[in-house]
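Enquirer: input_13.pdb is reproduced below (PDB, C-alpha atoms, pLDDT in the B column).
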```pdb
ATOM      1  CA  MET A   1     124.846  78.484 130.084  1.00 48.00           C
ATOM      2  CA  VAL A   2     122.856  80.289 127.418  1.00 50.00           C
ATOM      3  CA  ASN A   3     124.455  78.167 124.722  1.00 57.00           C
ATOM      4  CA  THR A   4     123.650  74.944 126.612  1.00 56.00           C
ATOM      5  CA  LEU A   5     120.028  76.006 127.117  1.00 55.00           C
ATOM      6  CA  ARG A   6     119.826  76.991 123.480  1.00 58.00           C
ATOM      7  CA  GLU A   7     121.211  73.631 122.347  1.00 62.00           C
ATOM      8  CA  TYR A   8     118.724  71.811 124.603  1.00 55.00           C
ATOM      9  CA  GLU A   9     115.822  73.814 123.186  1.00 56.00           C
ATOM     10  CA  LEU A  10     116.905  73.066 119.666  1.00 56.00           C
ATOM     11  CA  GLU A  11     117.028  69.328 120.449  1.00 56.00           C
ATOM     12  CA  ALA A  12     113.400  69.316 121.659  1.00 52.00           C
ATOM     13  CA  PRO A  13     110.941  67.932 119.089  1.00 50.00           C
ATOM     14  CA  ALA A  14     113.038  69.131 116.157  1.00 48.00           C
ATOM     15  CA  LEU A  15     111.247  70.725 113.258  1.00 50.00           C
ATOM     16  CA  GLU A  16     113.180  71.257 110.093  1.00 52.00           C
ATOM     17  CA  ILE A  17     111.271  73.135 107.453  1.00 55.00           C
ATOM     18  CA  VAL A  18     112.644  72.265 104.067  1.00 53.00           C
ATOM     19  CA  GLU A  19     112.326  75.012 101.478  1.00 53.00           C
ATOM     20  CA  GLY A  20     109.317  74.363  99.267  1.00 52.00           C
ATOM     21  CA  GLU A  21     107.752  71.829 101.669  1.00 53.00           C
ATOM     22  CA  GLN A  22     103.950  71.920 101.755  1.00 52.00           C
ATOM     23  CA  THR A  23     102.172  73.505 104.730  1.00 58.00           C
ATOM     24  CA  GLU A  24     100.058  70.381 105.353  1.00 61.00           C
ATOM     25  CA  GLU A  25     103.164  68.212 105.649  1.00 62.00           C
ATOM     26  CA  ILE A  26     104.585  70.630 108.236  1.00 59.00           C
ATOM     27  CA  LYS A  27     101.333  70.575 110.212  1.00 56.00           C
ATOM     28  CA  GLN A  28     101.371  66.756 110.276  1.00 63.00           C
ATOM     29  CA  ARG A  29     104.923  66.675 111.629  1.00 73.00           C
ATOM     30  CA  TYR A  30     104.360  69.242 114.372  1.00 79.00           C
ATOM     31  CA  GLU A  31     101.285  70.925 115.702  1.00 87.00           C
ATOM     32  CA  ILE A  32     100.947  73.609 118.380  1.00 87.00           C
ATOM     33  CA  THR A  33      98.388  72.262 120.847  1.00 91.00           C
ATOM     34  CA  ASN A  34      99.026  74.172 124.089  1.00 93.00           C
ATOM     35  CA  LEU A  35     100.944  77.048 125.680  1.00 91.00           C
ATOM     36  CA  GLU A  36     104.074  74.923 126.129  1.00 92.00           C
ATOM     37  CA  SER A  37     104.249  73.961 122.460  1.00 89.00           C
ATOM     38  CA  LEU A  38     103.453  77.576 121.491  1.00 88.00           C
ATOM     39  CA  ASN A  39     106.244  78.788 123.778  1.00 91.00           C
ATOM     40  CA  TRP A  40     108.633  76.246 122.221  1.00 90.00           C
ATOM     41  CA  ALA A  41     107.714  77.540 118.731  1.00 89.00           C
ATOM     42  CA  PHE A  42     108.451  81.093 119.870  1.00 91.00           C
ATOM     43  CA  ARG A  43     111.832  79.974 121.177  1.00 93.00           C
ATOM     44  CA  GLN A  44     112.569  78.319 117.820  1.00 91.00           C
ATOM     45  CA  ILE A  45     111.766  81.573 116.051  1.00 92.00           C
ATOM     46  CA  ALA A  46     113.938  83.563 118.502  1.00 92.00           C
ATOM     47  CA  ASN A  47     116.832  81.135 118.002  1.00 94.00           C
ATOM     48  CA  ALA A  48     116.482  81.258 114.206  1.00 94.00           C
ATOM     49  CA  GLN A  49     116.342  85.080 114.273  1.00 93.00           C
ATOM     50  CA  ALA A  50     119.461  85.191 116.465  1.00 95.00           C
ATOM     51  CA  GLU A  51     121.270  83.003 113.931  1.00 96.00           C
ATOM     52  CA  LEU A  52     120.062  85.225 111.097  1.00 96.00           C
ATOM     53  CA  LYS A  53     121.443  88.311 112.889  1.00 97.00           C
ATOM     54  CA  LYS A  54     124.748  86.555 113.526  1.00 97.00           C
ATOM     55  CA  ASN A  55     124.990  85.516 109.865  1.00 97.00           C
ATOM     56  CA  GLN A  56     124.108  89.031 108.705  1.00 97.00           C
ATOM     57  CA  ALA A  57     126.752  90.575 110.989  1.00 97.00           C
ATOM     58  CA  LEU A  58     129.392  88.185 109.637  1.00 97.00           C
ATOM     59  CA  ALA A  59     128.301  88.877 106.052  1.00 97.00           C
ATOM     60  CA  ASP A  60     128.417  92.661 106.650  1.00 97.00           C
ATOM     61  CA  VAL A  61     131.994  92.425 107.943  1.00 96.00           C
ATOM     62  CA  GLU A  62     133.032  90.367 104.911  1.00 96.00           C
ATOM     63  CA  ILE A  63     131.214  92.663 102.481  1.00 97.00           C
ATOM     64  CA  ASP A  64     133.000  95.701 103.973  1.00 96.00           C
ATOM     65  CA  ARG A  65     136.347  93.927 103.799  1.00 97.00           C
ATOM     66  CA  ILE A  66     135.757  92.957 100.163  1.00 97.00           C
ATOM     67  CA  LYS A  67     134.656  96.494  99.270  1.00 97.00           C
ATOM     68  CA  ARG A  68     137.852  97.916 100.824  1.00 97.00           C
ATOM     69  CA  TRP A  69     139.909  95.372  98.868  1.00 96.00           C
ATOM     70  CA  GLN A  70     138.063  96.290  95.662  1.00 97.00           C
ATOM     71  CA  GLU A  71     138.681 100.019  96.219  1.00 96.00           C
ATOM     72  CA  ILE A  72     142.397  99.446  96.785  1.00 96.00           C
ATOM     73  CA  GLU A  73     142.746  97.110  93.803  1.00 96.00           C
ATOM     74  CA  SER A  74     140.678  99.371  91.515  1.00 97.00           C
ATOM     75  CA  LYS A  75     142.352 102.699  92.340  1.00 96.00           C
ATOM     76  CA  SER A  76     145.281 102.349  89.935  1.00 95.00           C
ATOM     77  CA  HIS A  77     142.983 101.096  87.150  1.00 97.00           C
ATOM     78  CA  LEU A  78     140.584 104.006  87.674  1.00 96.00           C
ATOM     79  CA  ASN A  79     143.526 106.413  87.545  1.00 96.00           C
ATOM     80  CA  THR A  80     144.690 104.802  84.290  1.00 96.00           C
ATOM     81  CA  VAL A  81     141.214 105.149  82.740  1.00 96.00           C
ATOM     82  CA  GLU A  82     140.973 108.795  83.832  1.00 96.00           C
ATOM     83  CA  PHE A  83     144.495 109.568  82.546  1.00 97.00           C
ATOM     84  CA  PHE A  84     143.875 108.112  79.086  1.00 97.00           C
ATOM     85  CA  GLN A  85     140.392 109.659  78.810  1.00 96.00           C
ATOM     86  CA  HIS A  86     142.015 113.034  79.461  1.00 96.00           C
ATOM     87  CA  LEU A  87     144.657 112.395  76.765  1.00 97.00           C
ATOM     88  CA  ILE A  88     141.942 111.306  74.308  1.00 96.00           C
ATOM     89  CA  ALA A  89     139.903 114.469  75.051  1.00 95.00           C
ATOM     90  CA  GLU A  90     143.014 116.636  74.446  1.00 96.00           C
ATOM     91  CA  TYR A  91     143.687 114.873  71.132  1.00 96.00           C
ATOM     92  CA  HIS A  92     140.062 115.125  70.058  1.00 96.00           C
ATOM     93  CA  THR A  93     140.004 118.841  70.973  1.00 95.00           C
ATOM     94  CA  LYS A  94     142.948 119.426  68.612  1.00 96.00           C
ATOM     95  CA  GLU A  95     141.242 117.412  65.871  1.00 95.00           C
ATOM     96  CA  LEU A  96     138.011 119.423  66.320  1.00 94.00           C
ATOM     97  CA  ALA A  97     139.959 122.677  66.069  1.00 94.00           C
ATOM     98  CA  GLU A  98     141.338 121.539  62.699  1.00 96.00           C
ATOM     99  CA  ASN A  99     138.079 119.973  61.476  1.00 94.00           C
ATOM    100  CA  PRO A 100     134.868 120.966  63.344  1.00 91.00           C
ATOM    101  CA  GLU A 101     132.964 118.176  61.564  1.00 92.00           C
ATOM    102  CA  LYS A 102     135.112 115.474  63.213  1.00 93.00           C
ATOM    103  CA  LYS A 103     132.709 114.895  66.112  1.00 93.00           C
ATOM    104  CA  THR A 104     133.534 111.181  66.349  1.00 95.00           C
ATOM    105  CA  ILE A 105     136.914 109.514  66.043  1.00 96.00           C
ATOM    106  CA  SER A 106     136.762 105.751  65.703  1.00 95.00           C
ATOM    107  CA  THR A 107     139.349 102.980  65.937  1.00 95.00           C
ATOM    108  CA  PRO A 108     138.936  99.207  66.192  1.00 96.00           C
ATOM    109  CA  TYR A 109     139.244  99.490  69.995  1.00 95.00           C
ATOM    110  CA  GLY A 110     136.983 102.425  70.742  1.00 96.00           C
ATOM    111  CA  LYS A 111     135.437 105.752  69.853  1.00 96.00           C
ATOM    112  CA  SER A 112     135.766 109.293  71.110  1.00 96.00           C
ATOM    113  CA  LYS A 113     132.549 111.250  70.643  1.00 96.00           C
ATOM    114  CA  SER A 114     132.245 114.990  71.165  1.00 95.00           C
ATOM    115  CA  THR A 115     129.036 116.788  72.011  1.00 93.00           C
ATOM    116  CA  THR A 116     128.792 120.549  71.844  1.00 90.00           C
ATOM    117  CA  SER A 117     126.028 122.376  73.635  1.00 92.00           C
ATOM    118  CA  SER A 118     125.141 125.909  72.680  1.00 92.00           C
ATOM    119  CA  ALA A 119     125.131 128.799  75.103  1.00 94.00           C
ATOM    120  CA  GLN A 120     121.886 128.741  77.086  1.00 95.00           C
ATOM    121  CA  PRO A 121     120.180 130.355  80.064  1.00 94.00           C
ATOM    122  CA  ASP A 122     121.329 129.113  83.472  1.00 95.00           C
ATOM    123  CA  LYS A 123     119.166 129.829  86.536  1.00 95.00           C
ATOM    124  CA  GLN A 124     121.169 131.726  89.168  1.00 95.00           C
ATOM    125  CA  ASP A 125     118.666 133.483  91.468  1.00 95.00           C
ATOM    126  CA  GLU A 126     115.153 132.022  91.382  1.00 93.00           C
ATOM    127  CA  GLU A 127     113.680 134.813  93.528  1.00 93.00           C
ATOM    128  CA  GLN A 128     114.825 137.483  91.066  1.00 95.00           C
ATOM    129  CA  ILE A 129     113.442 135.487  88.162  1.00 95.00           C
ATOM    130  CA  ILE A 130     110.077 134.994  89.897  1.00 92.00           C
ATOM    131  CA  LYS A 131     109.901 138.748  90.586  1.00 93.00           C
ATOM    132  CA  PHE A 132     110.676 139.466  86.911  1.00 95.00           C
ATOM    133  CA  VAL A 133     108.052 136.991  85.681  1.00 93.00           C
ATOM    134  CA  GLU A 134     105.392 138.344  88.072  1.00 90.00           C
ATOM    135  CA  GLU A 135     106.127 141.995  87.224  1.00 92.00           C
ATOM    136  CA  ASN A 136     105.774 141.242  83.525  1.00 94.00           C
ATOM    137  CA  GLU A 137     102.685 139.042  84.089  1.00 88.00           C
ATOM    138  CA  LEU A 138     104.267 136.089  82.323  1.00 90.00           C
ATOM    139  CA  PRO A 139     102.665 132.640  82.759  1.00 89.00           C
ATOM    140  CA  PHE A 140     105.771 130.962  84.152  1.00 90.00           C
ATOM    141  CA  VAL A 141     105.051 131.060  87.886  1.00 84.00           C
ATOM    142  CA  GLU A 142     102.671 128.670  89.628  1.00 82.00           C
ATOM    143  CA  LYS A 143     100.125 130.048  92.116  1.00 78.00           C
ATOM    144  CA  VAL A 144     102.406 128.987  94.911  1.00 80.00           C
ATOM    145  CA  PRO A 145     105.432 130.853  93.671  1.00 81.00           C
ATOM    146  CA  LYS A 146     107.421 128.146  91.958  1.00 87.00           C
ATOM    147  CA  LEU A 147     109.253 129.020  88.813  1.00 92.00           C
ATOM    148  CA  LYS A 148     108.433 126.973  85.694  1.00 92.00           C
ATOM    149  CA  TRP A 149     112.075 127.162  84.690  1.00 94.00           C
ATOM    150  CA  ALA A 150     111.921 124.683  81.817  1.00 94.00           C
ATOM    151  CA  ASP A 151     109.077 126.615  80.131  1.00 94.00           C
ATOM    152  CA  LEU A 152     110.617 130.040  80.754  1.00 95.00           C
ATOM    153  CA  LYS A 153     114.035 128.866  79.575  1.00 94.00           C
ATOM    154  CA  LYS A 154     112.540 127.976  76.159  1.00 95.00           C
ATOM    155  CA  THR A 155     111.552 131.621  75.647  1.00 95.00           C
ATOM    156  CA  LEU A 156     114.914 133.118  76.644  1.00 96.00           C
ATOM    157  CA  LYS A 157     117.733 133.917  74.252  1.00 94.00           C
ATOM    158  CA  VAL A 158     121.447 134.455  74.608  1.00 94.00           C
ATOM    159  CA  VAL A 159     122.472 137.638  72.790  1.00 94.00           C
ATOM    160  CA  GLU A 160     125.612 139.706  72.668  1.00 92.00           C
ATOM    161  CA  LYS A 161     125.397 143.332  73.786  1.00 90.00           C
ATOM    162  CA  GLU A 162     128.425 145.571  73.980  1.00 91.00           C
ATOM    163  CA  GLY A 163     130.754 142.565  73.681  1.00 91.00           C
ATOM    164  CA  GLU A 164     129.057 140.674  76.512  1.00 91.00           C
ATOM    165  CA  GLN A 165     126.586 137.780  76.315  1.00 93.00           C
ATOM    166  CA  ILE A 166     123.316 138.426  78.155  1.00 94.00           C
ATOM    167  CA  ILE A 167     119.937 136.724  78.522  1.00 95.00           C
ATOM    168  CA  ILE A 168     116.812 138.410  77.155  1.00 95.00           C
ATOM    169  CA  ASP A 169     113.158 137.371  77.012  1.00 94.00           C
ATOM    170  CA  GLU A 170     111.000 137.321  73.898  1.00 93.00           C
ATOM    171  CA  ASN A 171     110.287 141.066  74.345  1.00 92.00           C
ATOM    172  CA  GLY A 172     113.992 141.915  74.377  1.00 92.00           C
ATOM    173  CA  GLN A 173     114.156 142.654  78.118  1.00 93.00           C
ATOM    174  CA  VAL A 174     117.217 141.619  80.086  1.00 94.00           C
ATOM    175  CA  VAL A 175     116.208 138.904  82.566  1.00 94.00           C
ATOM    176  CA  PRO A 176     117.755 139.376  86.024  1.00 95.00           C
ATOM    177  CA  GLY A 177     118.905 136.331  87.977  1.00 94.00           C
ATOM    178  CA  VAL A 178     119.935 134.385  84.881  1.00 95.00           C
ATOM    179  CA  ALA A 179     123.526 133.964  83.737  1.00 94.00           C
ATOM    180  CA  VAL A 180     124.924 132.695  80.465  1.00 94.00           C
ATOM    181  CA  LYS A 181     126.145 129.134  80.710  1.00 93.00           C
ATOM    182  CA  PRO A 182     128.985 129.089  78.174  1.00 91.00           C
ATOM    183  CA  GLN A 183     129.111 126.734  75.243  1.00 89.00           C
ATOM    184  CA  THR A 184     130.838 123.507  76.205  1.00 91.00           C
ATOM    185  CA  THR A 185     132.152 120.423  74.481  1.00 90.00           C
ATOM    186  CA  THR A 186     132.166 117.084  76.276  1.00 88.00           C
ATOM    187  CA  PHE A 187     133.818 113.851  75.264  1.00 85.00           C
ATOM    188  CA  LYS A 188     132.618 110.296  75.792  1.00 82.00           C
ATOM    189  CA  VAL A 189     134.880 107.306  75.374  1.00 75.00           C
ATOM    190  CA  GLU A 190     133.271 103.998  74.403  1.00 76.00           C
ATOM    191  CA  ILE A 191     135.089 100.700  74.542  1.00 69.00           C
TER
END
```
Starting from the file, give its structure as structure tokens.
Expert:
Amino acid sequence: MVNTLREYELEAPALEIVEGEQTEEIKQRYEITNLESLNWAFRQIANAQAELKKNQALADVEIDRIKRWQEIESKSHLNTVEFFQHLIAEYHTKELAENPEKKTISTPYGKSKSTTSSAQPDKQDEEQIIKFVEENELPFVEKVPKLKWADLKKTLKVVEKEGEQIIIDENGQVVPGVAVKPQTTTFKVEI
């Protein structure tokens, strides 16, 4: 019954708004002059919104289905990319060991680029660091205790003491709550 009523309402003085049509042209074709015509306009909006919801629900189902298909179809290709990137990184690691200047290896089909970062401070326990900074009256803590890590990190150094790497400040004091992030080399494959 709802569908029949809905069809009847849609057949009432039909108003099709063509995209880009001027407002004045719409007003000349249909004008709301009383509560009945206002009520009819509300019903048209409700019907159009119901159709929009129905279309969105259908689209969502299809989008999910397509995403699942894409994941299934892409899995083996992603595994292939990961496998060969790993092999390239292993090869490049060997080449770097033989020639540390060989940071980029290039072929007509791609490049392997290595980036080496030096050992640097790595924040482990912010509370300990804040306590250290406050005790030493360093300007790296905001009034509301929030560590200015980027600024403090610039003043810290990685040094070796008794065969172990440690973090010290510019006065040579060991900074608690900071660990040494070891030197790493990463590889980027470009196609």
Enquirer: Identify all residues satisfying the PyMOL selection byres ((chain A and resi 84-95) around 8) in the given file; provide them as a JSON list (two decimals) with C-alpha atoms, in the frame of the given file.
Expert:
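Contents of expr-v4.json, freshly written:
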```json
[["chain", "number", "residue", "atom", "x", "y", "z"],
["A", 80, "THR", "CA", 144.69, 104.80, 84.29],
["A", 81, "VAL", "CA", 141.21, 105.15, 82.74],
["A", 82, "GLU", "CA", 140.97, 108.80, 83.83],
["A", 83, "PHE", "CA", 144.50, 109.57, 82.55],
["A", 96, "LEU", "CA", 138.01, 119.42, 66.32],
["A", 97, "ALA", "CA", 139.96, 122.68, 66.07],
["A", 98, "GLU", "CA", 141.34, 121.54, 62.70],
["A", 99, "ASN", "CA", 138.08, 119.97, 61.48],
["A", 100, "PRO", "CA", 134.87, 120.97, 63.34],
["A", 102, "LYS", "CA", 135.11, 115.47, 63.21],
["A", 105, "ILE", "CA", 136.91, 109.51, 66.04],
["A", 112, "SER", "CA", 135.77, 109.29, 71.11],
["A", 114, "SER", "CA", 132.24, 114.99, 71.17],
["A", 187, "PHE", "CA", 133.82, 113.85, 75.26],
["A", 189, "VAL", "CA", 134.88, 107.31, 75.37]]
```
Enquirer: What would the selection look like, as a short mmCIF file (atom, residue, chain, number, x, y, z; two decimals) with C-alpha atoms, keeping the file's coordinate frame, if the PyMOL selection byres ((chain A and resi 138) around 12) were run on the coordinates I just shared?
Expert:
```cif
data_model
loop_
_atom_site.label_atom_id
_atom_site.label_comp_id
_atom_site.auth_asym_id
_atom_site.auth_seq_id
_atom_site.Cartn_x
_atom_site.Cartn_y
_atom_site.Cartn_z
CA ILE A 129 113.44 135.49 88.16
CA ILE A 130 110.08 134.99 89.90
CA LYS A 131 109.90 138.75 90.59
CA PHE A 132 110.68 139.47 86.91
CA VAL A 133 108.05 136.99 85.68
CA GLU A 134 105.39 138.34 88.07
CA GLU A 135 106.13 142.00 87.22
CA ASN A 136 105.77 141.24 83.52
CA GLU A 137 102.68 139.04 84.09
CA PRO A 139 102.66 132.64 82.76
CA PHE A 140 105.77 130.96 84.15
CA VAL A 141 105.05 131.06 87.89
CA GLU A 142 102.67 128.67 89.63
CA LEU A 147 109.25 129.02 88.81
CA LYS A 148 108.43 126.97 85.69
CA ASP A 151 109.08 126.62 80.13
CA LEU A 152 110.62 130.04 80.75
CA THR A 155 111.55 131.62 75.65
CA ASP A 169 113.16 137.37 77.01
CA GLU A 170 111.00 137.32 73.90
CA ASN A 171 110.29 141.07 74.34
#
```
Enquirer: Could you tell me how far atom CA of Ala119 of chain A lies from atom CA of Lys157 of chain A, in Å and to one decimal?
Expert: 9.0 Å
Enquirer: Write out as lines of an AutoDock Vina configuration file an axis-aligned box for segment 85-96 of chain A: all of its atoms listed in the file, 3 Å added on each side, centre and edge lengths in Å with one decimal.
Expert:
```
center_x = 141.3
center_y = 114.5
center_z = 72.7
size_x = 12.6
size_y = 15.8
size_z = 19.6
```
Enquirer: Nearest to Pro121 of chain A among A:Gln165, A:Gln44, A:Ser76, A:Ser37, with distances taken over all atoms listed in the file: which residue is it?
Expert: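 Result for the nearest residue to Pro121 of chain A: A:Gln165.
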Enquirer: If I take atom CA of Gln70 of chain A and atom CA of Lys111 of chain A, how far is one from the other in Å, to one decimal?
Expert: 27.6 Å
Enquirer: Please report the interatomic distance between atom CA of Leu78 of chain A and atom CA of Glu190 of chain A in Å with one decimal.
Expert: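 Between atom CA of Leu78 of chain A and atom CA of Glu190 of chain A the gap is 15.2 Å.
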Enquirer: Return segment 156-170 of chain A, completed with N, CA and C atoms, as a short mmCIF file (atom, residue, chain, number, x, y, z; two decimals), in the coordinates of the input.
Expert:
```
data_model
loop_
_atom_site.label_atom_id
_atom_site.label_comp_id
_atom_site.auth_asym_id
_atom_site.auth_seq_id
_atom_site.Cartn_x
_atom_site.Cartn_y
_atom_site.Cartn_z
N LEU A 156 113.77 132.23 76.46
CA LEU A 156 114.91 133.12 76.64
C LEU A 156 115.94 132.91 75.54
N LYS A 157 116.70 133.98 75.29
CA LYS A 157 117.73 133.92 74.25
C LYS A 157 119.04 134.46 74.80
N VAL A 158 120.12 133.93 74.30
CA VAL A 158 121.45 134.46 74.61
C VAL A 158 121.81 135.40 73.46
N VAL A 159 122.07 136.65 73.81
CA VAL A 159 122.47 137.64 72.79
C VAL A 159 123.73 138.34 73.26
N GLU A 160 124.41 138.97 72.32
CA GLU A 160 125.61 139.71 72.67
C GLU A 160 125.30 141.20 72.62
N LYS A 161 125.64 141.89 73.70
CA LYS A 161 125.40 143.33 73.79
C LYS A 161 126.66 143.98 74.35
N GLU A 162 127.21 144.87 73.59
CA GLU A 162 128.43 145.57 73.98
C GLU A 162 129.55 144.59 74.32
N GLY A 163 129.68 143.54 73.51
CA GLY A 163 130.75 142.56 73.68
C GLY A 163 130.53 141.57 74.81
N GLU A 164 129.33 141.58 75.39
CA GLU A 164 129.06 140.67 76.51
C GLU A 164 127.78 139.89 76.22
N GLN A 165 127.78 138.59 76.52
CA GLN A 165 126.59 137.78 76.32
C GLN A 165 125.62 138.00 77.48
N ILE A 166 124.35 138.22 77.14
CA ILE A 166 123.32 138.43 78.16
C ILE A 166 122.09 137.59 77.79
N ILE A 167 121.17 137.48 78.74
CA ILE A 167 119.94 136.72 78.52
C ILE A 167 118.80 137.72 78.39
N ILE A 168 118.00 137.56 77.32
CA ILE A 168 116.81 138.41 77.16
C ILE A 168 115.59 137.52 76.96
N ASP A 169 114.40 138.12 77.25
CA ASP A 169 113.16 137.37 77.01
C ASP A 169 112.68 137.67 75.60
N GLU A 170 111.50 137.16 75.26
CA GLU A 170 111.00 137.32 73.90
C GLU A 170 110.66 138.77 73.56
#
```
